$ cat query_7.txt   # compact mmCIF, C-alpha atoms and all ligand atoms
# COMPACT_ATOMS: atom_id res chain seq x y z
CA MET A 1 -9.80 25.21 -24.45
CA THR A 2 -11.22 22.01 -22.99
CA ALA A 3 -14.96 21.75 -23.27
CA VAL A 4 -16.64 22.03 -19.85
CA PRO A 5 -20.02 20.43 -20.51
CA TRP A 6 -21.44 21.04 -17.04
CA GLY A 7 -20.07 24.54 -16.86
CA ILE A 8 -18.00 23.96 -13.73
CA THR A 9 -14.63 22.43 -12.93
CA ASN A 10 -13.90 19.50 -10.62
CA GLU A 11 -12.59 21.96 -8.03
CA GLU A 12 -15.78 24.02 -8.18
CA ALA A 13 -17.92 20.90 -7.95
CA PHE A 14 -15.99 19.77 -4.86
CA GLU A 15 -16.28 23.21 -3.23
CA ARG A 16 -20.02 23.16 -3.81
CA ALA A 17 -20.28 19.63 -2.38
CA ARG A 18 -18.22 20.56 0.68
CA ALA A 19 -20.75 23.21 1.61
CA VAL A 20 -23.56 20.67 1.88
CA LEU A 21 -21.94 17.24 2.37
CA PRO A 22 -19.48 16.46 5.21
CA GLY A 23 -16.06 16.49 3.57
CA GLY A 24 -17.80 16.88 0.21
CA VAL A 25 -18.39 13.13 -0.07
CA ASN A 26 -20.73 10.34 0.95
CA SER A 27 -17.97 7.82 1.65
CA PRO A 28 -14.62 8.91 3.13
CA VAL A 29 -12.03 7.44 0.77
CA ARG A 30 -13.57 9.34 -2.15
CA ALA A 31 -12.30 12.58 -0.57
CA PHE A 32 -8.69 12.10 -1.82
CA GLY A 33 -7.60 12.56 1.82
CA SER A 34 -4.38 10.58 1.44
CA VAL A 35 -3.43 11.64 -2.09
CA GLY A 36 -4.39 15.33 -1.93
CA GLY A 37 -6.11 17.47 -4.54
CA SER A 38 -9.75 17.61 -5.57
CA PRO A 39 -11.66 14.43 -6.33
CA ARG A 40 -12.99 14.15 -9.85
CA SER A 41 -16.73 14.67 -10.04
CA ILE A 42 -17.91 11.79 -12.22
CA VAL A 43 -20.92 12.27 -14.46
CA SER A 44 -20.96 9.09 -16.53
CA ALA A 45 -19.19 5.81 -17.15
CA ARG A 46 -19.12 3.31 -20.00
CA GLY A 47 -17.04 0.18 -20.49
CA PRO A 48 -13.59 0.70 -18.90
CA TYR A 49 -13.94 4.51 -18.78
CA VAL A 50 -15.36 7.13 -16.43
CA THR A 51 -15.96 10.74 -17.49
CA ASP A 52 -15.68 13.72 -15.16
CA ILE A 53 -17.65 16.95 -14.99
CA GLU A 54 -15.07 18.69 -17.21
CA GLY A 55 -15.64 16.11 -19.95
CA ARG A 56 -12.33 14.31 -19.32
CA GLU A 57 -12.25 10.53 -19.73
CA TYR A 58 -10.17 8.18 -17.57
CA VAL A 59 -9.42 4.47 -17.79
CA ASP A 60 -11.00 3.27 -14.56
CA LEU A 61 -9.28 0.86 -12.17
CA VAL A 62 -11.76 1.46 -9.37
CA SER A 63 -14.73 -0.23 -11.08
CA ALA A 64 -17.16 1.26 -8.53
CA TRP A 65 -15.01 -0.46 -5.85
CA GLY A 66 -15.77 -3.85 -7.35
CA PRO A 67 -19.28 -4.21 -8.76
CA ALA A 68 -18.48 -3.18 -12.35
CA ILE A 69 -16.97 -6.55 -13.25
CA LEU A 70 -18.39 -6.39 -16.80
CA GLY A 71 -17.36 -2.76 -17.22
CA HIS A 72 -19.63 0.22 -16.72
CA ALA A 73 -23.14 0.41 -18.19
CA HIS A 74 -22.99 -3.07 -19.70
CA PRO A 75 -25.86 -3.25 -22.22
CA ALA A 76 -27.38 -6.46 -20.75
CA VAL A 77 -27.38 -5.00 -17.24
CA ILE A 78 -28.82 -1.66 -18.31
CA ALA A 79 -31.56 -3.43 -20.30
CA ALA A 80 -32.43 -5.65 -17.31
CA VAL A 81 -32.61 -2.61 -15.01
CA GLN A 82 -34.78 -0.67 -17.45
CA GLU A 83 -37.12 -3.62 -17.89
CA ALA A 84 -37.43 -4.13 -14.13
CA ALA A 85 -37.87 -0.42 -13.43
CA ALA A 86 -40.68 -0.21 -15.97
CA LEU A 87 -42.58 -2.83 -13.93
CA GLY A 88 -42.28 -0.84 -10.70
CA LEU A 89 -39.42 0.21 -8.43
CA GLY A 90 -40.29 -1.97 -5.47
CA PHE A 91 -43.28 -3.63 -3.92
CA GLY A 92 -42.33 -4.45 -0.33
CA ALA A 93 -43.27 -8.02 -1.20
CA SER A 94 -41.61 -11.15 -2.48
CA THR A 95 -40.66 -11.30 -6.15
CA PRO A 96 -39.66 -14.28 -8.32
CA GLY A 97 -36.27 -12.70 -9.05
CA GLU A 98 -35.18 -13.14 -5.41
CA ALA A 99 -35.38 -16.93 -5.65
CA ASP A 100 -33.75 -16.79 -9.11
CA LEU A 101 -30.80 -14.93 -7.62
CA ALA A 102 -30.53 -17.30 -4.65
CA GLU A 103 -30.47 -20.25 -7.06
CA VAL A 104 -27.80 -18.66 -9.23
CA VAL A 105 -25.65 -18.12 -6.13
CA ARG A 106 -26.21 -21.66 -4.89
CA ASP A 107 -25.35 -23.06 -8.34
CA ARG A 108 -22.09 -21.08 -8.32
CA VAL A 109 -20.84 -21.71 -4.80
CA GLY A 110 -22.39 -25.09 -4.00
CA PRO A 111 -22.94 -26.42 -0.51
CA ILE A 112 -21.66 -23.45 1.49
CA VAL A 113 -24.85 -21.56 0.63
CA GLU A 114 -27.98 -23.62 1.19
CA LYS A 115 -30.04 -20.52 1.88
CA LEU A 116 -29.55 -16.82 1.18
CA ARG A 117 -30.96 -13.60 2.64
CA LEU A 118 -30.79 -10.47 0.51
CA VAL A 119 -29.96 -7.12 2.12
CA SER A 120 -28.87 -3.79 0.66
CA THR A 121 -25.21 -3.30 1.68
CA GLY A 122 -22.19 -5.34 2.67
CA THR A 123 -22.30 -3.65 6.07
CA GLU A 124 -25.78 -5.05 6.65
CA ALA A 125 -24.70 -8.50 5.48
CA THR A 126 -21.80 -8.78 7.94
CA MET A 127 -23.78 -7.15 10.76
CA THR A 128 -26.55 -9.68 10.29
CA ALA A 129 -24.15 -12.61 9.97
CA ILE A 130 -22.62 -11.66 13.32
CA ARG A 131 -26.02 -11.36 15.00
CA LEU A 132 -26.92 -14.75 13.58
CA ALA A 133 -23.70 -16.30 14.90
CA ARG A 134 -24.40 -14.83 18.32
CA GLY A 135 -27.98 -16.09 18.21
CA ALA A 136 -26.85 -19.55 17.12
CA THR A 137 -24.17 -19.93 19.80
CA GLY A 138 -25.59 -17.89 22.67
CA ARG A 139 -22.15 -16.23 22.94
CA ASP A 140 -21.07 -12.61 22.52
CA LEU A 141 -17.42 -12.37 21.51
CA LEU A 142 -16.31 -11.78 17.94
CA VAL A 143 -12.80 -12.25 16.56
CA LYS A 144 -11.65 -10.19 13.58
CA PHE A 145 -8.27 -9.56 11.98
CA ALA A 146 -6.30 -6.32 11.97
CA GLY A 147 -6.58 -4.60 8.59
CA HIS A 148 -9.74 -6.45 7.58
CA TYR A 149 -12.76 -4.31 6.70
CA HIS A 150 -16.25 -5.67 7.08
CA GLY A 151 -18.31 -2.49 6.78
CA HIS A 152 -18.91 0.30 9.24
CA SER A 153 -21.10 -1.21 11.94
CA ASP A 154 -20.18 -0.78 15.61
CA GLY A 155 -17.74 -3.45 16.71
CA LEU A 156 -16.17 -3.93 13.28
CA LEU A 157 -14.23 -0.70 12.98
CA ALA A 158 -11.26 -1.58 15.18
CA GLU A 159 -8.16 -1.72 12.94
CA SER A 160 -10.33 -1.99 9.87
CA GLY A 161 -7.94 -1.10 7.07
CA SER A 162 -8.49 1.09 3.98
CA GLY A 163 -10.75 4.07 4.77
CA VAL A 164 -9.81 4.19 8.43
CA ALA A 165 -6.12 3.60 7.66
CA THR A 166 -6.18 6.24 4.94
CA LEU A 167 -7.37 8.79 7.47
CA ALA A 168 -4.90 7.42 10.08
CA LEU A 169 -7.75 6.86 12.56
CA PRO A 170 -7.42 4.19 15.26
CA GLY A 171 -11.05 3.17 14.87
CA SER A 172 -14.16 5.31 15.17
CA ALA A 173 -15.56 7.72 17.73
CA GLY A 174 -19.13 6.96 18.70
CA VAL A 175 -18.64 3.24 19.29
CA PRO A 176 -19.63 2.42 22.90
CA ALA A 177 -16.77 0.87 24.88
CA ALA A 178 -19.03 -2.01 25.87
CA ILE A 179 -19.54 -2.88 22.19
CA ALA A 180 -15.87 -2.46 21.25
CA ALA A 181 -15.03 -4.82 24.12
CA GLN A 182 -16.95 -7.60 22.37
CA THR A 183 -14.45 -7.62 19.47
CA ILE A 184 -11.02 -9.20 19.75
CA VAL A 185 -8.59 -8.09 17.05
CA VAL A 186 -5.85 -10.54 16.02
CA ALA A 187 -2.91 -10.22 13.58
CA TYR A 188 -3.72 -11.73 10.16
CA ASN A 189 -1.99 -14.88 8.94
CA ASP A 190 -0.87 -15.64 12.49
CA LEU A 191 -2.30 -18.98 13.55
CA GLU A 192 -0.41 -18.94 16.82
CA ALA A 193 -2.00 -15.66 17.87
CA ILE A 194 -5.53 -16.81 17.13
CA SER A 195 -4.92 -20.20 18.74
CA ALA A 196 -3.86 -18.37 21.90
CA VAL A 197 -7.07 -16.31 21.84
CA PHE A 198 -9.16 -19.47 21.53
CA ALA A 199 -7.16 -21.20 24.25
CA GLU A 200 -7.99 -18.36 26.62
CA ARG A 201 -11.56 -17.40 25.67
CA GLY A 202 -12.78 -20.11 23.28
CA SER A 203 -15.98 -20.83 25.16
CA GLU A 204 -17.10 -17.16 24.88
CA ILE A 205 -16.43 -16.74 21.14
CA ALA A 206 -19.48 -16.69 18.85
CA ALA A 207 -17.62 -16.29 15.58
CA VAL A 208 -14.48 -15.47 13.68
CA ILE A 209 -15.04 -13.13 10.74
CA VAL A 210 -12.38 -13.06 8.03
CA GLU A 211 -12.10 -11.52 4.58
CA ALA A 212 -11.83 -14.55 2.28
CA ALA A 213 -8.65 -12.89 1.00
CA ALA A 214 -7.79 -9.56 2.57
CA ALA A 215 -8.15 -6.71 0.09
CA ASN A 216 -8.92 -3.67 2.21
CA MET A 217 -5.33 -3.04 3.31
CA GLY A 218 -4.09 -3.50 -0.18
CA VAL A 219 -4.25 -7.13 -1.24
CA VAL A 220 -2.86 -9.64 1.27
CA PRO A 221 -3.90 -13.22 0.52
CA PRO A 222 -4.21 -15.79 3.27
CA GLU A 223 -1.24 -18.11 3.68
CA PRO A 224 -2.02 -21.53 2.15
CA GLY A 225 -4.27 -23.42 4.55
CA PHE A 226 -4.88 -20.41 6.83
CA ASN A 227 -8.63 -20.19 6.20
CA ALA A 228 -9.01 -23.94 6.66
CA ALA A 229 -7.08 -23.94 9.94
CA LEU A 230 -9.14 -21.00 11.14
CA THR A 231 -12.38 -22.78 10.34
CA GLN A 232 -11.20 -25.88 12.15
CA LEU A 233 -10.13 -23.88 15.19
CA ALA A 234 -13.49 -22.09 15.37
CA HIS A 235 -15.41 -25.36 15.02
CA ASP A 236 -13.25 -27.10 17.64
CA HIS A 237 -14.44 -24.46 20.11
CA GLY A 238 -18.09 -24.41 19.05
CA ALA A 239 -17.75 -21.04 17.25
CA LEU A 240 -18.87 -20.20 13.71
CA LEU A 241 -16.70 -19.09 10.81
CA ILE A 242 -17.99 -16.13 8.78
CA LEU A 243 -16.26 -15.86 5.42
CA ASP A 244 -16.59 -12.29 4.12
CA GLU A 245 -16.67 -12.43 0.32
CA VAL A 246 -18.24 -8.98 -0.14
CA LEU A 247 -15.22 -7.92 -2.17
CA THR A 248 -13.92 -11.22 -3.55
CA GLY A 249 -17.28 -12.93 -4.16
CA PHE A 250 -18.06 -13.56 -7.86
CA ARG A 251 -15.04 -11.39 -8.73
CA VAL A 252 -11.93 -13.50 -8.27
CA SER A 253 -13.67 -16.60 -9.69
CA PRO A 254 -17.25 -17.64 -10.53
CA ALA A 255 -17.54 -18.76 -6.89
CA GLY A 256 -15.32 -16.10 -5.32
CA TRP A 257 -12.22 -16.89 -3.28
CA TRP A 258 -14.00 -19.99 -2.03
CA GLY A 259 -14.12 -21.23 -5.62
CA LEU A 260 -10.42 -20.70 -6.23
CA ASP A 261 -9.38 -23.36 -3.76
CA PRO A 262 -12.41 -24.98 -2.11
CA HIS A 263 -10.46 -27.75 -0.41
CA SER A 264 -8.10 -25.58 1.55
CA HIS A 265 -10.84 -23.50 3.14
CA GLY A 266 -12.73 -25.76 5.45
CA ARG A 267 -16.45 -25.16 5.31
CA PRO A 268 -17.57 -21.75 6.55
CA ASP A 269 -20.90 -21.53 8.38
CA LEU A 270 -21.89 -18.18 6.92
CA VAL A 271 -20.72 -16.26 3.85
CA THR A 272 -21.35 -12.61 3.03
CA TYR A 273 -21.61 -11.11 -0.45
CA GLY A 274 -21.93 -7.59 -1.85
CA LYS A 275 -20.65 -5.53 -4.76
CA VAL A 276 -20.75 -7.88 -7.83
CA ILE A 277 -23.91 -9.61 -6.60
CA GLY A 278 -25.78 -6.30 -7.03
CA GLY A 279 -24.29 -5.46 -10.41
CA GLY A 280 -23.80 -1.83 -9.32
CA LEU A 281 -27.07 -1.33 -7.44
CA PRO A 282 -27.51 -1.56 -3.65
CA LEU A 283 -27.76 -5.29 -3.00
CA ALA A 284 -25.80 -7.65 -0.77
CA ALA A 285 -26.48 -10.97 0.89
CA LEU A 286 -25.58 -13.45 3.55
CA GLY A 287 -25.87 -17.17 3.09
CA GLY A 288 -24.92 -20.39 4.74
CA ARG A 289 -26.05 -23.67 6.18
CA ALA A 290 -29.85 -23.91 6.24
CA GLU A 291 -29.78 -24.88 9.90
CA VAL A 292 -28.11 -21.56 10.79
CA MET A 293 -29.92 -19.39 8.22
CA ASP A 294 -33.31 -20.66 9.42
CA LEU A 295 -32.66 -18.97 12.76
CA LEU A 296 -33.50 -15.71 10.99
CA ALA A 297 -36.97 -14.20 11.40
CA PRO A 298 -39.66 -15.12 10.41
CA LEU A 299 -38.59 -18.74 11.07
CA GLY A 300 -36.29 -18.14 14.00
CA PRO A 301 -35.55 -15.75 16.85
CA VAL A 302 -32.80 -13.64 15.19
CA TYR A 303 -34.38 -10.47 13.83
CA GLN A 304 -33.40 -8.81 10.56
CA ALA A 305 -35.53 -6.84 8.11
CA GLY A 306 -35.28 -4.25 5.33
CA THR A 307 -37.69 -2.07 3.37
CA LEU A 308 -35.40 -2.27 0.35
CA SER A 309 -34.13 -5.84 0.87
CA GLY A 310 -34.33 -7.79 -2.39
CA ASN A 311 -35.37 -4.69 -4.32
CA PRO A 312 -36.48 -5.94 -7.76
CA VAL A 313 -34.44 -3.46 -9.77
CA ALA A 314 -31.27 -4.30 -7.81
CA VAL A 315 -32.02 -8.02 -8.12
CA ALA A 316 -32.40 -7.61 -11.90
CA ALA A 317 -29.00 -5.86 -12.08
CA GLY A 318 -27.36 -8.61 -10.01
CA LEU A 319 -28.93 -11.42 -12.00
CA ALA A 320 -27.98 -9.88 -15.35
CA THR A 321 -24.42 -9.36 -14.12
CA LEU A 322 -23.96 -12.89 -12.82
CA ARG A 323 -25.54 -14.39 -15.93
CA ALA A 324 -23.23 -12.42 -18.21
CA ALA A 325 -20.11 -13.18 -16.13
CA ASP A 326 -19.20 -16.46 -17.80
CA ALA A 327 -15.89 -18.32 -17.87
CA SER A 328 -14.50 -16.05 -20.61
CA VAL A 329 -15.06 -13.01 -18.39
CA TYR A 330 -12.99 -14.51 -15.57
CA GLU A 331 -10.25 -15.57 -18.01
CA HIS A 332 -10.11 -12.00 -19.30
CA LEU A 333 -9.99 -10.50 -15.79
CA ASP A 334 -7.15 -12.83 -14.78
CA ALA A 335 -5.10 -12.18 -17.91
CA THR A 336 -5.64 -8.41 -17.75
CA ALA A 337 -4.68 -8.29 -14.09
CA VAL A 338 -1.43 -10.15 -14.84
CA THR A 339 -0.55 -7.82 -17.73
CA ILE A 340 -0.99 -4.73 -15.56
CA GLN A 341 0.85 -6.21 -12.57
CA VAL A 342 3.86 -7.17 -14.70
CA ALA A 343 4.03 -3.72 -16.33
CA LEU A 344 3.57 -1.98 -12.97
CA SER A 345 6.42 -3.91 -11.41
CA GLU A 346 8.69 -3.39 -14.45
CA ALA A 347 8.06 0.36 -14.46
CA LEU A 348 8.83 0.70 -10.73
CA THR A 349 11.91 -1.53 -11.01
CA ALA A 350 13.21 0.54 -13.93
CA GLU A 351 13.11 3.61 -11.68
CA GLY A 352 14.66 1.80 -8.72
CA VAL A 353 11.53 2.08 -6.60
CA VAL A 354 11.42 -0.52 -3.83
CA HIS A 355 8.04 -2.24 -4.11
CA SER A 356 6.09 -5.45 -4.11
CA VAL A 357 2.97 -6.30 -6.09
CA GLN A 358 0.67 -8.82 -4.51
CA HIS A 359 -2.52 -10.44 -5.77
CA ALA A 360 -5.46 -12.61 -4.75
CA GLY A 361 -6.83 -13.94 -8.02
CA ASN A 362 -7.42 -10.92 -10.25
CA LEU A 363 -7.38 -8.41 -7.37
CA PHE A 364 -3.99 -6.81 -6.86
CA SER A 365 -2.20 -3.83 -5.35
CA VAL A 366 1.23 -2.34 -4.92
CA ALA A 367 3.04 -1.84 -1.60
CA PHE A 368 6.13 0.36 -1.42
CA ARG A 369 8.24 -2.14 0.51
CA ALA A 370 10.61 -4.87 -0.61
CA THR A 371 8.64 -7.90 0.54
CA PRO A 372 4.92 -8.53 0.13
CA PRO A 373 3.14 -7.71 3.41
CA ARG A 374 1.57 -10.61 5.30
CA ASP A 375 -0.38 -8.60 7.87
CA TYR A 376 -1.51 -5.10 8.78
CA ALA A 377 1.69 -4.16 10.65
CA GLU A 378 3.73 -4.97 7.53
CA VAL A 379 1.23 -3.16 5.28
CA LYS A 380 1.73 0.00 7.33
CA ALA A 381 5.53 -0.39 7.22
CA GLN A 382 5.95 0.92 3.66
CA ASP A 383 6.91 4.17 1.91
CA VAL A 384 3.33 5.43 1.80
CA PHE A 385 4.58 8.86 0.61
CA ARG A 386 5.38 7.38 -2.81
CA TYR A 387 1.74 6.74 -3.65
CA PRO A 388 0.29 10.31 -3.96
CA PRO A 389 2.70 11.42 -6.74
CA PHE A 390 2.31 8.05 -8.46
CA PHE A 391 -1.48 8.32 -8.25
CA HIS A 392 -1.56 11.90 -9.58
CA ALA A 393 0.80 11.11 -12.45
CA MET A 394 -1.55 8.30 -13.49
CA LEU A 395 -4.58 10.58 -13.12
CA ASP A 396 -2.94 13.31 -15.20
CA ALA A 397 -2.29 10.69 -17.88
CA GLY A 398 -5.96 9.66 -17.84
CA VAL A 399 -5.93 6.64 -15.54
CA SER A 400 -8.08 6.60 -12.41
CA LEU A 401 -6.60 4.48 -9.60
CA PRO A 402 -8.02 3.99 -6.10
CA PRO A 403 -7.09 7.15 -4.16
CA SER A 404 -5.29 5.21 -1.42
CA VAL A 405 -2.38 2.78 -1.39
CA PHE A 406 -4.45 0.63 0.98
CA GLU A 407 -6.96 -0.34 -1.72
CA ALA A 408 -7.09 -3.06 -4.37
CA TRP A 409 -7.11 -2.28 -8.10
CA PHE A 410 -10.11 -3.60 -10.01
CA VAL A 411 -10.09 -4.63 -13.67
CA SER A 412 -13.19 -5.44 -15.70
CA ALA A 413 -14.19 -7.48 -18.73
CA ALA A 414 -14.34 -4.21 -20.67
CA HIS A 415 -10.64 -3.42 -20.18
CA ASP A 416 -9.64 -4.08 -23.77
CA GLU A 417 -6.27 -3.62 -25.48
CA VAL A 418 -6.81 0.11 -25.96
CA ALA A 419 -7.67 0.74 -22.31
CA VAL A 420 -4.87 -1.47 -21.02
CA GLY A 421 -2.48 0.22 -23.46
CA LYS A 422 -3.31 3.59 -21.89
CA ILE A 423 -2.51 2.19 -18.44
CA LEU A 424 0.80 0.73 -19.62
CA ASP A 425 1.76 3.97 -21.37
CA ALA A 426 1.11 5.95 -18.19
CA LEU A 427 3.17 3.77 -15.87
CA PRO A 428 6.77 4.90 -16.62
CA ALA A 429 6.13 8.57 -15.80
CA ALA A 430 4.17 7.59 -12.69
CA ALA A 431 7.05 5.36 -11.57
CA ARG A 432 9.42 8.31 -12.05
CA ALA A 433 7.13 10.45 -9.90
CA ALA A 434 7.13 7.75 -7.20
CA ALA A 435 10.94 7.54 -7.39
CA SER A 436 11.40 11.27 -6.86
CA ALA A 437 8.93 11.47 -3.96
CA GLY A 438 10.02 12.09 -0.40
C1 LIG B 1 -14.78 -7.30 2.61
C2 LIG B 1 -15.84 -6.26 2.79
N1 LIG B 1 -16.85 -6.47 3.65
C3 LIG B 1 -17.83 -5.57 3.83
C4 LIG B 1 -17.83 -4.37 3.14
C5 LIG B 1 -18.93 -3.38 3.36
O1 LIG B 1 -19.73 -3.30 2.23
P1 LIG B 1 -20.62 -1.98 1.96
O2 LIG B 1 -19.66 -0.89 1.60
O3 LIG B 1 -21.52 -2.38 0.83
O4 LIG B 1 -21.37 -1.69 3.20
C6 LIG B 1 -16.80 -4.10 2.24
C7 LIG B 1 -16.76 -2.82 1.50
O5 LIG B 1 -15.80 -2.45 0.89
C8 LIG B 1 -15.79 -5.07 2.04
O6 LIG B 1 -14.77 -4.86 1.18

$ encode --input "query_7.txt" --output "structure tokens" --more "lines below"
Ligand SMILES: Cc1ncc(COP(=O)(O)O)c(C=O)c1O
Amino acid sequence: MTAVPWGITNEEAFERARAVLPGGVNSPVRAFGSVGGSPRSIVSARGPYVTDIEGREYVDLVSAWGPAILGHAHPAVIAAVQEAAALGLGFGASTPGEADLAEVVRDRVGPIVEKLRLVSTGTEATMTAIRLARGATGRDLLVKFAGHYHGHSDGLLAESGSGVATLALPGSAGVPAAIAAQTIVVAYNDLEAISAVFAERGSEIAAVIVEAAAANMGVVPPEPGFNAALTQLAHDHGALLILDEVLTGFRVSPAGWWGLDPHSHGRPDLVTYGKVIGGGLPLAALGGRAEVMDLLAPLGPVYQAGTLSGNPVAVAAGLATLRAADASVYEHLDATAVTIQVALSEALTAEGVVHSVQHAGNLFSVAFRATPPRDYAEVKAQDVFRYPPFFHAMLDAGVSLPPSVFEAWFVSAAHDEVAVGKILDALPAAARAAASAG
């Protein structure tokens, strides 16, 4: 019999959670809503593996939804956190580590971040960036793209991909109509559509917010030159461009998506970061031109504050992560991502499953359609029903994938030959399960 170290099964743990937590979870996509079954209750993680409450180990391709770029519980990060925690958990005052982190970010991304403000979540970072853009321009309207997710603040949930798409929700209840009306949603990768919006309402638009490369509807990279054209269009009309690198930042290259191809981007006014920058603890940031950033309180009239902003333990985790993520880490992530993508595609092809695998740097995902989707409408036009059996076959074989087809897969520096071998071994049976679905 399998050892059950915590004395309960995953099912029992989920039942218990459901009695006291809405849906048994603290973030919707964890609920396995689109793949069915009980979520695994995770008790520990190390390197490329997570371990559930029944003592079962899985190769992890969720990587905490991005932060665990070095693998779980990396010794340098754990040591930095322990050292910081021993000095006190937070002081509600400035610490030297905050400026260290801002300098590390500036050194990595160069001129797009002259100044940085630390917050606790990606949602706060984008929410603040939007307020800042409105404060800077004196305008109200925001343009976002269908299928792009920028956190769960009011005004950003219209057609916001992953979690909302997984639950087949049109947006969210509880968002006042007056606030929803301030957001214009445009099809991604469609310059004509956004040009038409600017032609009609350009003088009212404060900002365009765009995922640097879309990865919350599965991975859909921008067409070459799209981000640059967008930036130009915004600037031509006196609006700001907010580049959301919460997911891609410091993951797809040392300087995020921006760093992969700096010349094709144009220069964004504000950039948001999360996930990797906090090394697994609650930390996120927004940065940009000093002239815009200095509009934030206490210097300027745009208010933003946070009891936990720049928390020293979170800053220590972020700093240790960024310092350890050297060129060899990114080479490993890229190579590992390619190996898995090739094997994934071969396994599905061998079973005759219509699919496409698409990537943005080392972030990738599968779509069950013949051509890689370019926008949210195409993402939704796929054989979604093939994913649940594929997912569960992988899980049964000891590989933990994101529990939704609308999510990216995340590799880490700790995914060594043994871990990748387990993924490759699991793929043929999972492809068979996908083939026989429906
Ligand atoms: C691109 C992007 N922006 C913003 C967010 C929100 O970040 P958080 O979940 O830390 O609030 C996410 C989260 O997945 C994201 O992927």

$ closest_residue --input "query_7.txt" --among "A:Arg267, A:Arg134, A:Arg56, A:His74" --to "Ser412 in chain A" --atoms "only C-alpha atoms"
A:His74

$ atom_distance --input "query_7.txt" --atom1 "CA of Phe406 in chain A" --atom2 "CA of Met217 in chain A"
4.4 Å

$ atom_distance --input "query_7.txt" --atom1 "CA of Gly24 in chain A" --atom2 "atom O1 of ligand LIG 1 (chain B)"
20.4 Å

$ residues_near_ligand --input "query_7.txt" --ligand "ligand LIG 1 (chain B)" --cutoff "6 Å" --atoms "all atoms listed in the file" --output "list of chain:residue names"
A:Thr121, A:Gly122, A:Thr123, A:Tyr149, A:His150, A:Gly151, A:Glu211, A:Asp244, A:Glu245, A:Val246, A:Leu247, A:Gly274

$ closest_residue --input "query_7.txt" --among "A:Ala125, A:Val302, A:Val271, A:Leu260" --to "Tyr330 in chain A" --atoms "all atoms listed in the file"
A:Leu260

$ residues_around --input "query_7.txt" --residues "Ser153 in chain A" --least-positions-apart "5" --cutoff "10 Å" --atoms "all atoms listed in the file" --output "list of chain:residue names"
A:Thr123, A:Glu124, A:Thr126, A:Met127, A:Val175

$ closest_atom_pairs --input "query_7.txt" --of "range 258-359 of chain A" --to "range 198-207 of chain A" --cutoff "12 Å" --atoms "all atoms listed in the file" --output "CSV"
residue,atom,partner,partner_atom,distance
A:Pro268,CA,A:Ala207,CA,10.6
A:Asp269,CA,A:Ala207,CA,9.5
A:Leu270,CA,A:Ala207,CA,9.8

$ closest_residue --input "query_7.txt" --among "A:Gly438, A:Gly155, A:Gly280, A:Gly259" --to "Ile209 in chain A" --atoms "all atoms listed in the file"
A:Gly155

$ closest_residue --input "query_7.txt" --among "A:Ala255, A:Val62, A:Val113, A:Ala31" --to "Leu401 in chain A" --atoms "only C-alpha atoms"
A:Val62

$ atom_distance --input "query_7.txt" --atom1 "CA of Gln382 in chain A" --atom2 "CA of Ala212 in chain A"
23.6 Å

$ closest_residue --input "query_7.txt" --among "A:Leu295, A:Ile53, A:Ala99, A:Ala19" --to "Thr137 in chain A" --atoms "only C-alpha atoms"
A:Leu295

$ closest_residue --input "query_7.txt" --among "A:Ala146, A:Ala129, A:Ile8, A:Ala437" --to "Glu54 in chain A" --atoms "all atoms listed in the file"
A:Ile8

$ residues_around --input "query_7.txt" --residues "range 35-44 of chain A" --least-positions-apart "2" --cutoff "9 Å" --atoms "all atoms listed in the file" --output "number ranges by chain"
A: 9-11, 13-15, 30-33, 46, 49-55, 72, 385, 387-389, 391-392, 403-405

$ residues_around --input "query_7.txt" --residues "range 176-191 of chain A" --least-positions-apart "4" --cutoff "8 Å" --atoms "only C-alpha atoms" --output "NGL selection string"
:A and (140-147 or 154-156 or 158-159 or 195 or 222-223 or 226 or 229-230 or 374-376)

$ residues_around --input "query_7.txt" --residues "Thr307 in chain A" --least-positions-apart "3" --cutoff "10 Å" --atoms "all atoms listed in the file" --output "list of chain:residue names"
A:Gly90, A:Phe91, A:Gly92, A:Ala93, A:Val119, A:Ser120, A:Gly310, A:Asn311

$ residues_around --input "query_7.txt" --residues "Ala79 in chain A" --least-positions-apart "6" --cutoff "12 Å" --atoms "only C-alpha atoms" --output "ChimeraX atom specification"
/A:73,85-86,313,316-317,319-321
